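Novice: The structure under discussion is supplied below as structure tokens; questions concerning it will follow.
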Amino acid sequence: GVNRTENRFCLRAANDEFTFVNHLTPLPQLDYRICTTEDMRSLHMLMTQQSLWDGLKEQEFKVLHSLLEEPVWRIPHTELPESLNESAICDYSESAIAMGLGHIVINEFWQENIGDFTVDKARFPTLKDTIDVLHRRGFKVVLTIQPFISTDSANFKDAVKRKLLIYERHSERSIPALTRYKSSSSAGVLDITNNASVPWLLEKLQRLKEEYGVQSFYLDLGTG
């Protein structure tokens with residue numbers, strides 16, 4: 001709160017029973033930093049320069065600029081995984097060429113199960129060759145990923161074992177919380193506040209980049 005009469009700025013930390021049901025500390029703890037500049041725009045630019053772009057390599061900047069400047073094409077699909085295959089990707093790229101090159105986003109059905117983070121070899125036996133064709137046509141390929149892991153995926157068991165998922169309240173991190181996500185009727189949610197979760201995911205994405213030449217990933221949103 002801001003008290004205009006006394007020129008005071010007040011901050012309060014509070015643990016409510018919904019958001020902070022699992023208390024990490026006995027008492028509420030508030031960590032904060034006060035940053036000041038001459039105006040809001042310069043403050044925003046300063047924070048952006050310090051946090052959002054730090055650590056990016058020159059090649060990553062090029063990919064970022066291309067995502068902002070070039071068209072991003074999303075292949076139409078139904079709710080059935082079978083609607084997406086290599087022929088559908090190639091056919092769509094041929095149609096998109098007439099409207100301009102850019103990025104082709106392949107939806108989550110490139111996996112057999114949501115959260116596999118590996119290519120469904122049954123429907124995409126030669127996906128590497130297909131992506132090479134798209135690259136030769138001038139397109140960049142983007143794979144869709146999400147924080148959900150289907151209970152049918154082998155990664156679900158691994159994530160439970162490593163305690164990488166969001167857990168049911170009051171379960172002492174033993175029972176993963178389940179939800180629905182698109183074609184998956186039962187899925188866990190990756191807990192990105194766990195320091196071990198991001199390296200676990202990055203390792204799988206790096207493997208995809210090296211094997212298939214994918215240049216970027218679309219992080220699909222979702223609510224639990």
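Quick note on naming: the chains in the structure tokens go A, B, ... in the order shown, residues restart at 1 in each chain, and ligands are numbered from 1 in order of appearance.
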Check stretch 131-210 of chain A with DSSP on the backbone and list each residue it calls helix (DSSP H, G or I), as an MDAnalysis selection string.
Specialist: chainID A and resid 131:137 154:162 197:210
Novice: Export, as a PDB file, in the first residue's frame, the selected residues with N, CA and C atoms.
Specialist:
```
ATOM      1  N   ILE A 131      11.866 -32.729 -41.835  1.00  0.00           N
ATOM      2  CA  ILE A 131      12.359 -31.442 -41.341  1.00  0.00           C
ATOM      3  C   ILE A 131      13.450 -30.902 -42.251  1.00  0.00           C
ATOM      4  N   ASP A 132      14.295 -31.784 -42.782  1.00  0.00           N
ATOM      5  CA  ASP A 132      15.329 -31.351 -43.732  1.00  0.00           C
ATOM      6  C   ASP A 132      14.695 -30.741 -44.979  1.00  0.00           C
ATOM      7  N   VAL A 133      13.595 -31.336 -45.437  1.00  0.00           N
ATOM      8  CA  VAL A 133      12.884 -30.794 -46.593  1.00  0.00           C
ATOM      9  C   VAL A 133      12.355 -29.393 -46.283  1.00  0.00           C
ATOM     10  N   LEU A 134      11.766 -29.228 -45.086  1.00  0.00           N
ATOM     11  CA  LEU A 134      11.241 -27.912 -44.696  1.00  0.00           C
ATOM     12  C   LEU A 134      12.367 -26.885 -44.612  1.00  0.00           C
ATOM     13  N   HIS A 135      13.517 -27.307 -44.092  1.00  0.00           N
ATOM     14  CA  HIS A 135      14.657 -26.390 -44.023  1.00  0.00           C
ATOM     15  C   HIS A 135      15.096 -25.967 -45.417  1.00  0.00           C
ATOM     16  N   ARG A 136      15.120 -26.910 -46.354  1.00  0.00           N
ATOM     17  CA  ARG A 136      15.526 -26.574 -47.720  1.00  0.00           C
ATOM     18  C   ARG A 136      14.529 -25.628 -48.381  1.00  0.00           C
ATOM     19  N   ARG A 137      13.263 -25.738 -47.976  1.00  0.00           N
ATOM     20  CA  ARG A 137      12.246 -24.832 -48.513  1.00  0.00           C
ATOM     21  C   ARG A 137      12.335 -23.442 -47.879  1.00  0.00           C
ATOM     22  N   ALA A 154       6.151 -42.953 -20.305  1.00  0.00           N
ATOM     23  CA  ALA A 154       7.203 -43.511 -19.446  1.00  0.00           C
ATOM     24  C   ALA A 154       7.827 -42.423 -18.579  1.00  0.00           C
ATOM     25  N   ASN A 155       7.757 -41.173 -19.035  1.00  0.00           N
ATOM     26  CA  ASN A 155       8.321 -40.077 -18.263  1.00  0.00           C
ATOM     27  C   ASN A 155       7.544 -39.806 -16.979  1.00  0.00           C
ATOM     28  N   PHE A 156       6.271 -40.220 -16.947  1.00  0.00           N
ATOM     29  CA  PHE A 156       5.472 -39.983 -15.736  1.00  0.00           C
ATOM     30  C   PHE A 156       6.063 -40.746 -14.557  1.00  0.00           C
ATOM     31  N   LYS A 157       6.348 -42.018 -14.760  1.00  0.00           N
ATOM     32  CA  LYS A 157       6.929 -42.837 -13.697  1.00  0.00           C
ATOM     33  C   LYS A 157       8.277 -42.280 -13.259  1.00  0.00           C
ATOM     34  N   ASP A 158       9.078 -41.847 -14.234  1.00  0.00           N
ATOM     35  CA  ASP A 158      10.394 -41.290 -13.924  1.00  0.00           C
ATOM     36  C   ASP A 158      10.259 -39.993 -13.142  1.00  0.00           C
ATOM     37  N   ALA A 159       9.306 -39.136 -13.551  1.00  0.00           N
ATOM     38  CA  ALA A 159       9.107 -37.858 -12.865  1.00  0.00           C
ATOM     39  C   ALA A 159       8.600 -38.061 -11.440  1.00  0.00           C
ATOM     40  N   VAL A 160       7.735 -39.061 -11.236  1.00  0.00           N
ATOM     41  CA  VAL A 160       7.256 -39.369  -9.881  1.00  0.00           C
ATOM     42  C   VAL A 160       8.423 -39.832  -9.010  1.00  0.00           C
ATOM     43  N   LYS A 161       9.251 -40.692  -9.571  1.00  0.00           N
ATOM     44  CA  LYS A 161      10.398 -41.209  -8.829  1.00  0.00           C
ATOM     45  C   LYS A 161      11.349 -40.083  -8.421  1.00  0.00           C
ATOM     46  N   ARG A 162      11.531 -39.094  -9.309  1.00  0.00           N
ATOM     47  CA  ARG A 162      12.450 -37.986  -9.040  1.00  0.00           C
ATOM     48  C   ARG A 162      11.778 -36.832  -8.299  1.00  0.00           C
ATOM     49  N   SER A 197      13.753 -29.897 -12.024  1.00  0.00           N
ATOM     50  CA  SER A 197      12.824 -30.117 -13.142  1.00  0.00           C
ATOM     51  C   SER A 197      13.331 -29.537 -14.449  1.00  0.00           C
ATOM     52  N   VAL A 198      13.825 -28.312 -14.420  1.00  0.00           N
ATOM     53  CA  VAL A 198      14.254 -27.650 -15.656  1.00  0.00           C
ATOM     54  C   VAL A 198      15.438 -28.372 -16.304  1.00  0.00           C
ATOM     55  N   PRO A 199      16.505 -28.731 -15.569  1.00  0.00           N
ATOM     56  CA  PRO A 199      17.586 -29.501 -16.207  1.00  0.00           C
ATOM     57  C   PRO A 199      17.101 -30.828 -16.790  1.00  0.00           C
ATOM     58  N   TRP A 200      16.161 -31.480 -16.110  1.00  0.00           N
ATOM     59  CA  TRP A 200      15.589 -32.743 -16.592  1.00  0.00           C
ATOM     60  C   TRP A 200      14.917 -32.533 -17.948  1.00  0.00           C
ATOM     61  N   LEU A 201      14.152 -31.440 -18.059  1.00  0.00           N
ATOM     62  CA  LEU A 201      13.456 -31.141 -19.317  1.00  0.00           C
ATOM     63  C   LEU A 201      14.437 -30.678 -20.393  1.00  0.00           C
ATOM     64  N   LEU A 202      15.380 -29.821 -20.025  1.00  0.00           N
ATOM     65  CA  LEU A 202      16.334 -29.299 -21.005  1.00  0.00           C
ATOM     66  C   LEU A 202      17.155 -30.412 -21.647  1.00  0.00           C
ATOM     67  N   GLU A 203      17.501 -31.425 -20.876  1.00  0.00           N
ATOM     68  CA  GLU A 203      18.268 -32.543 -21.421  1.00  0.00           C
ATOM     69  C   GLU A 203      17.498 -33.229 -22.543  1.00  0.00           C
ATOM     70  N   LYS A 204      16.191 -33.404 -22.350  1.00  0.00           N
ATOM     71  CA  LYS A 204      15.364 -34.057 -23.362  1.00  0.00           C
ATOM     72  C   LYS A 204      15.199 -33.166 -24.598  1.00  0.00           C
ATOM     73  N   LEU A 205      15.068 -31.858 -24.389  1.00  0.00           N
ATOM     74  CA  LEU A 205      14.908 -30.944 -25.516  1.00  0.00           C
ATOM     75  C   LEU A 205      16.212 -30.824 -26.309  1.00  0.00           C
ATOM     76  N   GLN A 206      17.335 -30.839 -25.613  1.00  0.00           N
ATOM     77  CA  GLN A 206      18.619 -30.771 -26.297  1.00  0.00           C
ATOM     78  C   GLN A 206      18.818 -31.988 -27.199  1.00  0.00           C
ATOM     79  N   ARG A 207      18.346 -33.147 -26.727  1.00  0.00           N
ATOM     80  CA  ARG A 207      18.440 -34.378 -27.514  1.00  0.00           C
ATOM     81  C   ARG A 207      17.618 -34.243 -28.802  1.00  0.00           C
ATOM     82  N   LEU A 208      16.442 -33.617 -28.697  1.00  0.00           N
ATOM     83  CA  LEU A 208      15.598 -33.405 -29.878  1.00  0.00           C
ATOM     84  C   LEU A 208      16.269 -32.450 -30.864  1.00  0.00           C
ATOM     85  N   LYS A 209      16.883 -31.396 -30.343  1.00  0.00           N
ATOM     86  CA  LYS A 209      17.566 -30.436 -31.206  1.00  0.00           C
ATOM     87  C   LYS A 209      18.690 -31.108 -31.990  1.00  0.00           C
ATOM     88  N   GLU A 210      19.454 -31.929 -31.307  1.00  0.00           N
ATOM     89  CA  GLU A 210      20.601 -32.572 -31.952  1.00  0.00           C
ATOM     90  C   GLU A 210      20.173 -33.629 -32.962  1.00  0.00           C
TER      91      GLU A 210
END
```
Novice: Please list as an MDAnalysis selection string every residue within 7 Å of stretch 215-217 of chain A, counting only C-alpha atoms and excluding residues in the same chain fewer than 4 positions away.
Specialist: chainID A and resid 140:145 209
Novice: Please identify all polymer residues within 8 Å of stretch 95-108 of chain A, counting only C-alpha atoms, omitting same-chain residues fewer than 4 positions from it, and present them as a PyMOL selection string.
Specialist: chain A and resi 66-67+70-75+89+91+114+138-146+218
Novice: I'd like the contact shell of A:Ser183 - 9 Å cut-off, only C-alpha atoms, skipping same-chain residues fewer than 3 positions apart - returned as a list in words.
Specialist: Glu79, Leu80, Pro81, Asn113, Ile114 and Arg180 of chain A
Novice: Quick one: pull the distance between atom CA of A:Tyr212 and atom CA of A:Cys90, Å, one decimal.
Specialist: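 So the two atoms, atom CA of A:Tyr212 and atom CA of A:Cys90, lie 15.7 Å apart.
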